[in-house]
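final.pdb follows; it contains PDB, C-alpha atoms.
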ATOM      1  CA  GLY A  30      18.757  21.689  67.204
ATOM      2  CA  GLU A  31      21.485  19.688  65.541
ATOM      3  CA  ASN A  32      22.076  19.716  61.782
ATOM      4  CA  VAL A  33      24.253  17.102  60.071
ATOM      5  CA  GLU A  34      25.511  17.438  56.518
ATOM      6  CA  GLN A  35      27.004  14.509  54.620
ATOM      7  CA  HIS A  36      29.059  14.324  51.426
ATOM      8  CA  PRO A  37      29.191  12.929  48.840
ATOM      9  CA  SER A  38      25.673  11.689  48.168
ATOM     10  CA  THR A  39      26.985   8.995  45.834
ATOM     11  CA  LEU A  40      30.423   7.420  45.625
ATOM     12  CA  SER A  41      31.702   4.833  43.192
ATOM     13  CA  VAL A  42      35.046   3.117  43.787
ATOM     14  CA  GLN A  43      36.811   0.128  42.315
ATOM     15  CA  GLU A  44      37.232  -2.962  44.414
ATOM     16  CA  GLY A  45      40.332  -2.645  46.547
ATOM     17  CA  ASP A  46      40.331   1.153  46.566
ATOM     18  CA  SER A  47      39.542   3.296  49.600
ATOM     19  CA  ALA A  48      36.326   5.214  50.216
ATOM     20  CA  VAL A  49      35.950   8.320  52.352
ATOM     21  CA  ILE A  50      32.668   9.869  53.481
ATOM     22  CA  LYS A  51      32.594  13.193  55.322
ATOM     23  CA  CYS A  52      30.114  14.763  57.695
ATOM     24  CA  THR A  53      29.826  18.058  59.513
ATOM     25  CA  TYR A  54      27.638  18.875  62.475
ATOM     26  CA  SER A  55      26.413  22.166  63.845
ATOM     27  CA  ASP A  56      26.038  21.791  67.615
ATOM     28  CA  SER A  57      29.321  21.718  69.512
ATOM     29  CA  ALA A  58      27.553  19.990  72.419
ATOM     30  CA  SER A  59      27.068  16.794  70.381
ATOM     31  CA  ASN A  60      29.192  14.062  71.898
ATOM     32  CA  TYR A  61      28.548  10.778  70.100
ATOM     33  CA  PHE A  62      28.968  10.061  66.393
ATOM     34  CA  PRO A  63      27.876   6.680  65.001
ATOM     35  CA  TRP A  64      27.969   5.441  61.419
ATOM     36  CA  TYR A  65      25.270   3.165  60.049
ATOM     37  CA  LYS A  66      25.167   0.944  56.975
ATOM     38  CA  GLN A  67      21.824   0.317  55.307
ATOM     39  CA  GLU A  68      21.410  -2.407  52.731
ATOM     40  CA  LEU A  69      18.482  -2.437  50.348
ATOM     41  CA  GLY A  70      15.214  -3.212  52.121
ATOM     42  CA  LYS A  71      16.872  -3.455  55.521
ATOM     43  CA  GLY A  72      17.157  -1.341  58.622
ATOM     44  CA  PRO A  73      20.357   0.601  59.377
ATOM     45  CA  GLN A  74      23.084  -1.283  61.218
ATOM     46  CA  LEU A  75      25.775   0.301  63.339
ATOM     47  CA  ILE A  76      29.238  -0.301  61.895
ATOM     48  CA  ILE A  77      31.417   1.970  63.999
ATOM     49  CA  ASP A  78      31.055   4.864  66.398
ATOM     50  CA  ILE A  79      33.208   7.436  68.121
ATOM     51  CA  ARG A  80      32.748   9.585  71.195
ATOM     52  CA  SER A  81      33.933  13.141  71.591
ATOM     53  CA  ASN A  82      36.835  12.265  73.872
ATOM     54  CA  VAL A  83      38.529  10.276  71.095
ATOM     55  CA  GLY A  84      40.029  11.529  67.831
ATOM     56  CA  GLU A  85      40.212   8.302  65.869
ATOM     57  CA  LYS A  86      38.920   4.754  66.053
ATOM     58  CA  LYS A  87      39.656   1.758  63.848
ATOM     59  CA  ASP A  88      38.000  -1.605  63.367
ATOM     60  CA  GLN A  89      39.660  -3.780  60.715
ATOM     61  CA  ARG A  90      39.025  -2.065  57.345
ATOM     62  CA  ILE A  91      36.890   0.708  58.808
ATOM     63  CA  ALA A  92      38.102   3.815  60.619
ATOM     64  CA  VAL A  93      36.453   6.992  61.824
ATOM     65  CA  THR A  94      38.098  10.315  62.628
ATOM     66  CA  LEU A  95      36.658  13.211  64.596
ATOM     67  CA  ASN A  96      37.747  16.841  64.587
ATOM     68  CA  LYS A  97      35.810  18.581  67.358
ATOM     69  CA  THR A  98      37.255  21.994  66.626
ATOM     70  CA  ALA A  99      36.114  21.925  63.026
ATOM     71  CA  LYS A 100      32.988  19.924  63.892
ATOM     72  CA  HIS A 101      33.502  17.285  61.285
ATOM     73  CA  PHE A 102      33.978  13.544  61.234
ATOM     74  CA  SER A 103      34.796  11.063  58.502
ATOM     75  CA  LEU A 104      34.406   7.391  57.670
ATOM     76  CA  HIS A 105      37.250   5.621  55.910
ATOM     77  CA  ILE A 106      36.860   2.199  54.328
ATOM     78  CA  THR A 107      40.028   0.590  52.998
ATOM     79  CA  GLU A 108      40.373  -2.342  50.584
ATOM     80  CA  THR A 109      36.735  -2.038  49.571
ATOM     81  CA  GLN A 110      34.807  -5.157  48.620
ATOM     82  CA  PRO A 111      31.540  -5.582  46.675
ATOM     83  CA  GLU A 112      29.703  -6.360  49.908
ATOM     84  CA  ASP A 113      30.571  -2.857  51.114
ATOM     85  CA  SER A 114      28.061  -1.519  48.563
ATOM     86  CA  ALA A 115      25.234   0.074  50.558
ATOM     87  CA  VAL A 116      23.980   3.422  51.822
ATOM     88  CA  TYR A 117      26.013   4.838  54.691
ATOM     89  CA  PHE A 118      24.635   7.335  57.207
ATOM     90  CA  CYS A 119      26.519   9.434  59.688
ATOM     91  CA  ALA A 120      24.777  10.720  62.797
ATOM     92  CA  ALA A 121      25.384  12.989  65.751
ATOM     93  CA  CYS A 122      23.906  12.657  69.208
ATOM     94  CA  LEU A 123      22.877  15.651  71.233
ATOM     95  CA  SER A 124      21.807  15.138  74.810
ATOM     96  CA  SER A 125      19.462  17.424  76.679
ATOM     97  CA  GLY A 126      18.941  16.414  80.269
ATOM     98  CA  THR A 127      17.833  12.799  80.233
ATOM     99  CA  ALA A 128      16.803  12.957  76.585
ATOM    100  CA  SER A 129      19.114  12.160  73.718
ATOM    101  CA  LYS A 130      18.516  11.509  70.042
ATOM    102  CA  LEU A 131      20.428  10.920  66.849
ATOM    103  CA  THR A 132      20.323  13.383  63.978
ATOM    104  CA  PHE A 133      21.270  11.693  60.706
ATOM    105  CA  GLY A 134      22.986  12.909  57.582
ATOM    106  CA  THR A 135      21.297  12.428  54.234
ATOM    107  CA  GLY A 136      23.287   9.333  53.339
ATOM    108  CA  THR A 137      25.985   8.273  50.877
ATOM    109  CA  ARG A 138      25.280   5.550  48.349
ATOM    110  CA  LEU A 139      28.537   3.625  47.958
ATOM    111  CA  GLN A 140      28.982   1.428  44.905
ATOM    112  CA  VAL A 141      32.007  -0.858  44.778
ATOM    113  CA  THR A 142      32.658  -2.026  41.239
ATOM    114  CA  LEU A 143      34.683  -5.052  40.168
TER     115      LEU A 143
ATOM    116  CA  ASN B  27      18.153 -12.610  71.573
ATOM    117  CA  ALA B  28      15.713 -11.426  68.939
ATOM    118  CA  GLY B  29      16.325  -8.048  67.397
ATOM    119  CA  VAL B  30      13.904  -5.154  67.138
ATOM    120  CA  MET B  31      10.713  -6.516  65.620
ATOM    121  CA  GLN B  32       8.464  -4.327  63.521
ATOM    122  CA  ASN B  33       5.149  -5.205  61.950
ATOM    123  CA  PRO B  34       3.671  -5.031  59.516
ATOM    124  CA  ARG B  35       6.635  -4.886  57.141
ATOM    125  CA  HIS B  36       4.415  -3.505  54.397
ATOM    126  CA  LEU B  37       1.134  -1.675  54.791
ATOM    127  CA  VAL B  38      -1.124  -0.208  52.126
ATOM    128  CA  ARG B  39      -3.787   2.286  53.082
ATOM    129  CA  ARG B  40      -6.169   4.519  51.168
ATOM    130  CA  ARG B  41      -6.287   8.225  51.891
ATOM    131  CA  GLY B  42      -8.272   8.905  55.045
ATOM    132  CA  GLN B  43      -7.670   5.509  56.650
ATOM    133  CA  GLU B  44      -5.630   4.857  59.777
ATOM    134  CA  ALA B  45      -2.226   3.185  59.924
ATOM    135  CA  ARG B  46      -0.883   1.433  63.021
ATOM    136  CA  LEU B  47       2.747   0.415  63.133
ATOM    137  CA  ARG B  48       4.063  -1.805  65.895
ATOM    138  CA  CYS B  49       7.514  -2.138  67.384
ATOM    139  CA  SER B  50       8.770  -4.638  69.930
ATOM    140  CA  PRO B  51      12.165  -3.514  71.231
ATOM    141  CA  MET B  52      15.015  -5.859  71.986
ATOM    142  CA  LYS B  53      14.697  -7.720  75.243
ATOM    143  CA  GLY B  54      15.761  -5.530  78.139
ATOM    144  CA  HIS B  55      15.523  -2.299  76.143
ATOM    145  CA  SER B  56      13.203   0.331  77.577
ATOM    146  CA  HIS B  57      14.074   3.216  75.210
ATOM    147  CA  VAL B  58      12.317   3.352  71.832
ATOM    148  CA  TYR B  59      12.850   5.791  68.974
ATOM    149  CA  TRP B  60      10.793   6.180  65.795
ATOM    150  CA  TYR B  61      12.308   7.537  62.583
ATOM    151  CA  ARG B  62      10.782   8.209  59.165
ATOM    152  CA  GLN B  63      12.666   7.702  55.925
ATOM    153  CA  LEU B  64      11.379   9.122  52.665
ATOM    154  CA  PRO B  65      12.626   7.544  49.408
ATOM    155  CA  GLU B  66      16.271   8.436  48.726
ATOM    156  CA  GLU B  67      16.458  10.483  51.920
ATOM    157  CA  GLY B  68      17.918  10.167  55.358
ATOM    158  CA  LEU B  69      16.256   9.226  58.615
ATOM    159  CA  LYS B  70      14.202  11.917  60.305
ATOM    160  CA  PHE B  71      13.641  11.713  64.042
ATOM    161  CA  MET B  72       9.997  11.580  65.080
ATOM    162  CA  VAL B  73       9.629  10.568  68.720
ATOM    163  CA  TYR B  74      11.519   9.096  71.670
ATOM    164  CA  LEU B  75       9.679   7.078  74.287
ATOM    165  CA  GLN B  76      10.418   5.202  77.439
ATOM    166  CA  LYS B  77       7.929   2.877  79.055
ATOM    167  CA  GLU B  78       4.635   4.790  79.441
ATOM    168  CA  ASN B  79       6.348   8.143  78.801
ATOM    169  CA  ILE B  80       6.976  10.340  75.776
ATOM    170  CA  ILE B  81      10.412  11.891  76.299
ATOM    171  CA  ASP B  82      10.778  13.887  73.084
ATOM    172  CA  GLU B  83       8.169  14.269  70.339
ATOM    173  CA  SER B  84       9.716  17.275  68.648
ATOM    174  CA  GLY B  85       9.897  15.501  65.282
ATOM    175  CA  MET B  86       6.319  14.349  65.203
ATOM    176  CA  PRO B  87       3.711  16.291  63.199
ATOM    177  CA  LYS B  88       1.279  17.951  65.587
ATOM    178  CA  GLU B  89      -1.790  16.521  63.921
ATOM    179  CA  ARG B  90      -2.763  12.965  62.955
ATOM    180  CA  PHE B  91       0.357  11.336  64.438
ATOM    181  CA  SER B  92       0.617   9.791  67.888
ATOM    182  CA  ALA B  93       2.882   7.296  69.602
ATOM    183  CA  GLU B  94       2.744   5.240  72.728
ATOM    184  CA  PHE B  95       4.856   2.696  74.567
ATOM    185  CA  PRO B  96       2.636   1.039  77.167
ATOM    186  CA  LYS B  97       3.797  -0.825  80.218
ATOM    187  CA  GLU B  98       2.928  -4.084  78.494
ATOM    188  CA  GLY B  99       3.153  -4.704  74.788
ATOM    189  CA  PRO B 100       4.828  -3.068  71.828
ATOM    190  CA  SER B 101       5.279   0.578  70.996
ATOM    191  CA  ILE B 102       2.662   1.830  68.531
ATOM    192  CA  LEU B 103       2.974   4.615  65.997
ATOM    193  CA  ARG B 104      -0.472   5.662  64.861
ATOM    194  CA  ILE B 105      -1.244   7.784  61.834
ATOM    195  CA  GLN B 106      -4.835   8.914  61.439
ATOM    196  CA  GLN B 107      -6.449  10.045  58.188
ATOM    197  CA  VAL B 108      -3.380   9.179  56.133
ATOM    198  CA  VAL B 109      -2.404  11.283  53.132
ATOM    199  CA  ARG B 110      -0.115  10.436  50.206
ATOM    200  CA  GLY B 111       2.717  12.378  51.813
ATOM    201  CA  ASP B 112       2.749   9.880  54.688
ATOM    202  CA  SER B 113       4.087   7.196  52.337
ATOM    203  CA  ALA B 114       7.505   6.323  53.729
ATOM    204  CA  ALA B 115       9.467   3.716  55.609
ATOM    205  CA  TYR B 116       9.058   4.005  59.361
ATOM    206  CA  PHE B 117      11.891   2.628  61.449
ATOM    207  CA  CYS B 118      11.835   1.818  65.103
ATOM    208  CA  ALA B 119      15.019   1.596  67.132
ATOM    209  CA  SER B 120      15.672   0.596  70.714
ATOM    210  CA  SER B 121      18.411   1.133  73.228
ATOM    211  CA  PRO B 122      19.016  -0.204  76.722
ATOM    212  CA  THR B 123      19.956   3.139  78.236
ATOM    213  CA  GLY B 124      19.302   5.925  75.740
ATOM    214  CA  VAL B 125      21.439   6.611  72.682
ATOM    215  CA  ASN B 126      23.923   8.885  74.435
ATOM    216  CA  THR B 127      25.227   5.967  76.475
ATOM    217  CA  GLY B 128      24.209   2.916  74.462
ATOM    218  CA  GLU B 129      24.004   1.650  70.907
ATOM    219  CA  LEU B 130      20.804   2.148  68.957
ATOM    220  CA  PHE B 131      19.459  -0.992  67.292
ATOM    221  CA  PHE B 132      17.093  -0.620  64.351
ATOM    222  CA  GLY B 133      14.297  -2.838  63.136
ATOM    223  CA  GLU B 134      13.749  -3.704  59.473
ATOM    224  CA  GLY B 135      11.142  -0.984  59.078
ATOM    225  CA  SER B 136       7.474  -0.738  58.121
ATOM    226  CA  ARG B 137       6.834   0.520  54.627
ATOM    227  CA  LEU B 138       3.616   2.485  54.357
ATOM    228  CA  THR B 139       2.062   3.154  50.974
ATOM    229  CA  VAL B 140      -0.906   5.490  50.775
ATOM    230  CA  LEU B 141      -2.981   5.156  47.637
TER     231      LEU B 141
END

Encoded form using structure tokens:
Amino acid sequence: GENVEQHPSTLSVQEGDSAVIKCTYSDSASNYFPWYKQELGKGPQLIIDIRSNVGEKKDQRIAVTLNKTAKHFSLHITETQPEDSAVYFCAACLSSGTASKLTFGTGTRLQVTL
Amino acid sequence: NAGVMQNPRHLVRRRGQEARLRCSPMKGHSHVYWYRQLPEEGLKFMVYLQKENIIDESGMPKERFSAEFPKEGPSILRIQQVVRGDSAAYFCASSPTGVNTGELFFGEGSRLTVL
């Protein structure tokens, strides 16, 4: 099956700085890579995703890059704000026939300080 | 359009009791996934269901755990004879077409505490 590793587990940045979270995956057949943000006591919410036919995707202050050869993908948040503080999860999707499921990384707790 | 609805949000059970967690997917979504999250850990896949069918239960413990998604009504995750190690947050997610072609939407979770 798929295995996703995520680093760092905690990240503290000052407001306005950039934050980068990195993930690696094991199965080269994985083809969809979403990122989720989870606030305290809430369910995860999709913030950005990328498919394997694209190398980079950007949405305002958030960008994701994918390197299929190296099997790693990264989340970049620029001009961080206090409301960016949350736990971020990367995931990889592996399809088998009609079945598909997300395998998640262990999460990165991002703290944006004033 | 209401999101994924899970209930109860919090459930306390004593060891040996049964826990039933319910999930109503978003309107029009026929694919349901259950994930378990232990404190300070990531989300672990448990089971993937479509209406009346279990598609993938590779993440579900073989004993005491079962899941269903009937033709009518919510998806149910059932845990029999709960033990302390079952204490976790259980998240349900739904998708219109399966996660490889559509976004996965999560509910707020059901937090199970086993005393």

**Study point:** Evaluate the ChimeraX specification (/B :<6) & /A and report residues as a list in words
**Key:**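 This file gives the following for the ChimeraX specification (/B :<6) & /A: Lys71, Gly72, Ser129, Phe133, Thr135 and Gly136 of chain A.
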
Take the residues just selected and output them with C-alpha atoms as a compact mmCIF listing (two decimals), keeping the file's coordinate frame.
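What ended up in selection_23.txt:
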# COMPACT_ATOMS: atom_id res chain seq x y z
CA LYS A 71 16.87 -3.46 55.52
CA GLY A 72 17.16 -1.34 58.62
CA SER A 129 19.11 12.16 73.72
CA PHE A 133 21.27 11.69 60.71
CA THR A 135 21.30 12.43 54.23
CA GLY A 136 23.29 9.33 53.34

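Close to (22.2, 19.7, 57.1), meaning no more than 9 Å away when counting all atoms listed in the file, sit the residues Glu31, Asn32, Val33, Glu34, Gln35, Thr53, Tyr54, Ser55, Phe133, Gly134 and Thr135 of chain A.
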
Practice item. Name all residues at most 10 Å from Asn82 of chain A (count only C-alpha atoms; drop same-chain ones fewer than 2 positions away) and give them as a PyMOL selection string. Key: chain A and resi 60-61+79-80+84-85+95+97

Practice item. Any chance you could resolve the PyMOL selection byres ((chain B and resi 54) around 10) against this file and give the residues as a list in words? Key: Asn27, Pro51, Met52, Lys53, His55, Ser56, His57, Ser120, Ser121, Pro122 and Thr123 of chain B

Any chance you could export the current selection's C-alpha atoms as an mmCIF file, in the frame of the given file?
data_model
loop_
_atom_site.group_PDB
_atom_site.id
_atom_site.type_symbol
_atom_site.label_atom_id
_atom_site.label_comp_id
_atom_site.auth_asym_id
_atom_site.auth_seq_id
_atom_site.Cartn_x
_atom_site.Cartn_y
_atom_site.Cartn_z
ATOM 1 C CA ASN B 27 18.153 -12.610 71.573
ATOM 2 C CA PRO B 51 12.165 -3.514 71.231
ATOM 3 C CA MET B 52 15.015 -5.859 71.986
ATOM 4 C CA LYS B 53 14.697 -7.720 75.243
ATOM 5 C CA HIS B 55 15.523 -2.299 76.143
ATOM 6 C CA SER B 56 13.203 0.331 77.577
ATOM 7 C CA HIS B 57 14.074 3.216 75.210
ATOM 8 C CA SER B 120 15.672 0.596 70.714
ATOM 9 C CA SER B 121 18.411 1.133 73.228
ATOM 10 C CA PRO B 122 19.016 -0.204 76.722
ATOM 11 C CA THR B 123 19.956 3.139 78.236
#

**Study point:** atom CA of Arg35 of chain B to atom CA of Ser114 of chain A, distance in Å rounded to a single decimal
**Key:**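 Answer for the atom CA of Arg35 of chain B to atom CA of Ser114 of chain A separation: 23.3 Å.
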
Point to revise | Gly30 of chain A surroundings by all atoms listed in the file, 12 Å radius, close-in-sequence under 2 positions cut, as a ChimeraX atom specification | key: /A:32-33,54-59,121-125,129-132 /B:71,84-85

Check your understanding: Could you pull the residues within 9 Å of Trp64 of chain A, counting all atoms listed in the file, minus those fewer than 6 positions along the same chain, as a PyMOL selection string?
Key -> chain A and resi 74-79+93+104+117-120

Go ahead and save the picked residues with C-alpha atoms, as a short mmCIF file (atom, residue, chain, number, x, y, z; two decimals), in the coordinates of the input.
data_model
loop_
_atom_site.label_atom_id
_atom_site.label_comp_id
_atom_site.auth_asym_id
_atom_site.auth_seq_id
_atom_site.Cartn_x
_atom_site.Cartn_y
_atom_site.Cartn_z
CA GLN A 74 23.08 -1.28 61.22
CA LEU A 75 25.78 0.30 63.34
CA ILE A 76 29.24 -0.30 61.90
CA ILE A 77 31.42 1.97 64.00
CA ASP A 78 31.06 4.86 66.40
CA ILE A 79 33.21 7.44 68.12
CA VAL A 93 36.45 6.99 61.82
CA LEU A 104 34.41 7.39 57.67
CA TYR A 117 26.01 4.84 54.69
CA PHE A 118 24.64 7.34 57.21
CA CYS A 119 26.52 9.43 59.69
CA ALA A 120 24.78 10.72 62.80
#

Exercise for review: Could you jot down the atom CA of Val116 of chain A to atom CA of Leu64 of chain B separation for me, Å, one decimal place?
Suggested key: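 Pair atom CA of Val116 of chain A / atom CA of Leu64 of chain B returns 13.9 Å.
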
Review point. Which is closer to Thr107 of chain A than all the others in A:Lys87, A:Arg138, A:Lys51, A:Lys66, using only C-alpha atoms?
Key: A:Lys87

Revision key, fill the gap. From atom CA of Ser41 of chain A to atom CA of Gln140 of chain A the spacing works out at 4.7 Å

Practice item. Give as a PyMOL selection string each residue that has an atom at most 8 Å from (-6.4, 8.4, 55.7) in the file, counting all atoms listed in the file. Key: chain B and resi 39-45+106-109+140

With C-alpha atoms kept, could you save the residues just selected as a compact mmCIF listing (two decimals), keeping the file's coordinate frame?
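Generated output (selection_20.txt):
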# COMPACT_ATOMS: atom_id res chain seq x y z
CA ARG B 39 -3.79 2.29 53.08
CA ARG B 40 -6.17 4.52 51.17
CA ARG B 41 -6.29 8.22 51.89
CA GLY B 42 -8.27 8.90 55.04
CA GLN B 43 -7.67 5.51 56.65
CA GLU B 44 -5.63 4.86 59.78
CA ALA B 45 -2.23 3.18 59.92
CA GLN B 106 -4.84 8.91 61.44
CA GLN B 107 -6.45 10.04 58.19
CA VAL B 108 -3.38 9.18 56.13
CA VAL B 109 -2.40 11.28 53.13
CA VAL B 140 -0.91 5.49 50.78

Review point. Written as a count of residues only, what is the full residue list that the PyMOL selection byres ((chain A and resi 142) around 8) yields on the file shown?
Key: 8

Point to revise | Residue nearest Val49 of chain A - candidates A:Ala92, A:Ala115, A:Ala128, A:Ala99, atoms counted: all atoms listed in the file | key: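 Selected residue with least distance to Val49 of chain A: A:Ala92.
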
Could you give me segment 51-75 of chain B completed to N, CA and C atoms, formatted as a PDB file, in the frame of the given file?
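The result, written out as part-v3.pdb:
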ATOM      1  N   PRO B  51      10.723  -3.752  71.084  1.00  0.00           N
ATOM      2  CA  PRO B  51      12.165  -3.514  71.231  1.00  0.00           C
ATOM      3  C   PRO B  51      12.890  -4.802  71.600  1.00  0.00           C
ATOM      4  N   MET B  52      14.202  -4.717  71.549  1.00  0.00           N
ATOM      5  CA  MET B  52      15.015  -5.859  71.986  1.00  0.00           C
ATOM      6  C   MET B  52      14.756  -6.115  73.463  1.00  0.00           C
ATOM      7  N   LYS B  53      14.930  -7.336  73.857  1.00  0.00           N
ATOM      8  CA  LYS B  53      14.697  -7.720  75.243  1.00  0.00           C
ATOM      9  C   LYS B  53      15.590  -6.895  76.164  1.00  0.00           C
ATOM     10  N   GLY B  54      14.987  -6.328  77.185  1.00  0.00           N
ATOM     11  CA  GLY B  54      15.761  -5.530  78.139  1.00  0.00           C
ATOM     12  C   GLY B  54      15.908  -4.067  77.766  1.00  0.00           C
ATOM     13  N   HIS B  55      15.431  -3.695  76.571  1.00  0.00           N
ATOM     14  CA  HIS B  55      15.523  -2.299  76.143  1.00  0.00           C
ATOM     15  C   HIS B  55      14.233  -1.568  76.513  1.00  0.00           C
ATOM     16  N   SER B  56      14.380  -0.430  77.184  1.00  0.00           N
ATOM     17  CA  SER B  56      13.203   0.331  77.577  1.00  0.00           C
ATOM     18  C   SER B  56      13.116   1.681  76.865  1.00  0.00           C
ATOM     19  N   HIS B  57      14.064   1.949  75.946  1.00  0.00           N
ATOM     20  CA  HIS B  57      14.074   3.216  75.210  1.00  0.00           C
ATOM     21  C   HIS B  57      13.761   2.904  73.752  1.00  0.00           C
ATOM     22  N   VAL B  58      12.754   3.582  73.217  1.00  0.00           N
ATOM     23  CA  VAL B  58      12.317   3.352  71.832  1.00  0.00           C
ATOM     24  C   VAL B  58      12.294   4.672  71.069  1.00  0.00           C
ATOM     25  N   TYR B  59      12.816   4.623  69.852  1.00  0.00           N
ATOM     26  CA  TYR B  59      12.850   5.791  68.974  1.00  0.00           C
ATOM     27  C   TYR B  59      12.142   5.417  67.670  1.00  0.00           C
ATOM     28  N   TRP B  60      11.396   6.360  67.114  1.00  0.00           N
ATOM     29  CA  TRP B  60      10.793   6.180  65.795  1.00  0.00           C
ATOM     30  C   TRP B  60      11.409   7.199  64.832  1.00  0.00           C
ATOM     31  N   TYR B  61      11.766   6.699  63.644  1.00  0.00           N
ATOM     32  CA  TYR B  61      12.308   7.537  62.583  1.00  0.00           C
ATOM     33  C   TYR B  61      11.510   7.297  61.305  1.00  0.00           C
ATOM     34  N   ARG B  62      11.437   8.327  60.470  1.00  0.00           N
ATOM     35  CA  ARG B  62      10.782   8.209  59.165  1.00  0.00           C
ATOM     36  C   ARG B  62      11.825   8.406  58.070  1.00  0.00           C
ATOM     37  N   GLN B  63      11.737   7.577  57.042  1.00  0.00           N
ATOM     38  CA  GLN B  63      12.666   7.702  55.925  1.00  0.00           C
ATOM     39  C   GLN B  63      11.866   7.799  54.627  1.00  0.00           C
ATOM     40  N   LEU B  64      11.995   8.950  53.969  1.00  0.00           N
ATOM     41  CA  LEU B  64      11.379   9.122  52.665  1.00  0.00           C
ATOM     42  C   LEU B  64      12.310   8.530  51.611  1.00  0.00           C
ATOM     43  N   PRO B  65      11.782   8.142  50.449  1.00  0.00           N
ATOM     44  CA  PRO B  65      12.626   7.544  49.408  1.00  0.00           C
ATOM     45  C   PRO B  65      13.840   8.406  49.097  1.00  0.00           C
ATOM     46  N   GLU B  66      15.007   7.761  49.059  1.00  0.00           N
ATOM     47  CA  GLU B  66      16.271   8.436  48.726  1.00  0.00           C
ATOM     48  C   GLU B  66      16.643   9.541  49.708  1.00  0.00           C
ATOM     49  N   GLU B  67      16.110   9.481  50.914  1.00  0.00           N
ATOM     50  CA  GLU B  67      16.458  10.483  51.920  1.00  0.00           C
ATOM     51  C   GLU B  67      16.964   9.834  53.193  1.00  0.00           C
ATOM     52  N   GLY B  68      17.419  10.659  54.086  1.00  0.00           N
ATOM     53  CA  GLY B  68      17.918  10.167  55.358  1.00  0.00           C
ATOM     54  C   GLY B  68      16.802   9.868  56.334  1.00  0.00           C
ATOM     55  N   LEU B  69      17.191   9.574  57.555  1.00  0.00           N
ATOM     56  CA  LEU B  69      16.256   9.226  58.615  1.00  0.00           C
ATOM     57  C   LEU B  69      15.929  10.469  59.427  1.00  0.00           C
ATOM     58  N   LYS B  70      14.636  10.744  59.546  1.00  0.00           N
ATOM     59  CA  LYS B  70      14.202  11.917  60.305  1.00  0.00           C
ATOM     60  C   LYS B  70      13.609  11.474  61.633  1.00  0.00           C
ATOM     61  N   PHE B  71      14.119  12.037  62.706  1.00  0.00           N
ATOM     62  CA  PHE B  71      13.641  11.713  64.042  1.00  0.00           C
ATOM     63  C   PHE B  71      12.177  12.121  64.195  1.00  0.00           C
ATOM     64  N   MET B  72      11.398  11.237  64.813  1.00  0.00           N
ATOM     65  CA  MET B  72       9.997  11.580  65.080  1.00  0.00           C
ATOM     66  C   MET B  72       9.736  11.686  66.583  1.00  0.00           C
ATOM     67  N   VAL B  73      10.015  10.590  67.316  1.00  0.00           N
ATOM     68  CA  VAL B  73       9.629  10.568  68.720  1.00  0.00           C
ATOM     69  C   VAL B  73      10.514   9.592  69.479  1.00  0.00           C
ATOM     70  N   TYR B  74      10.709   9.925  70.767  1.00  0.00           N
ATOM     71  CA  TYR B  74      11.519   9.096  71.670  1.00  0.00           C
ATOM     72  C   TYR B  74      10.650   8.783  72.883  1.00  0.00           C
ATOM     73  N   LEU B  75      10.529   7.499  73.180  1.00  0.00           N
ATOM     74  CA  LEU B  75       9.679   7.078  74.287  1.00  0.00           C
ATOM     75  C   LEU B  75      10.432   6.138  75.222  1.00  0.00           C
TER      76      LEU B  75
END
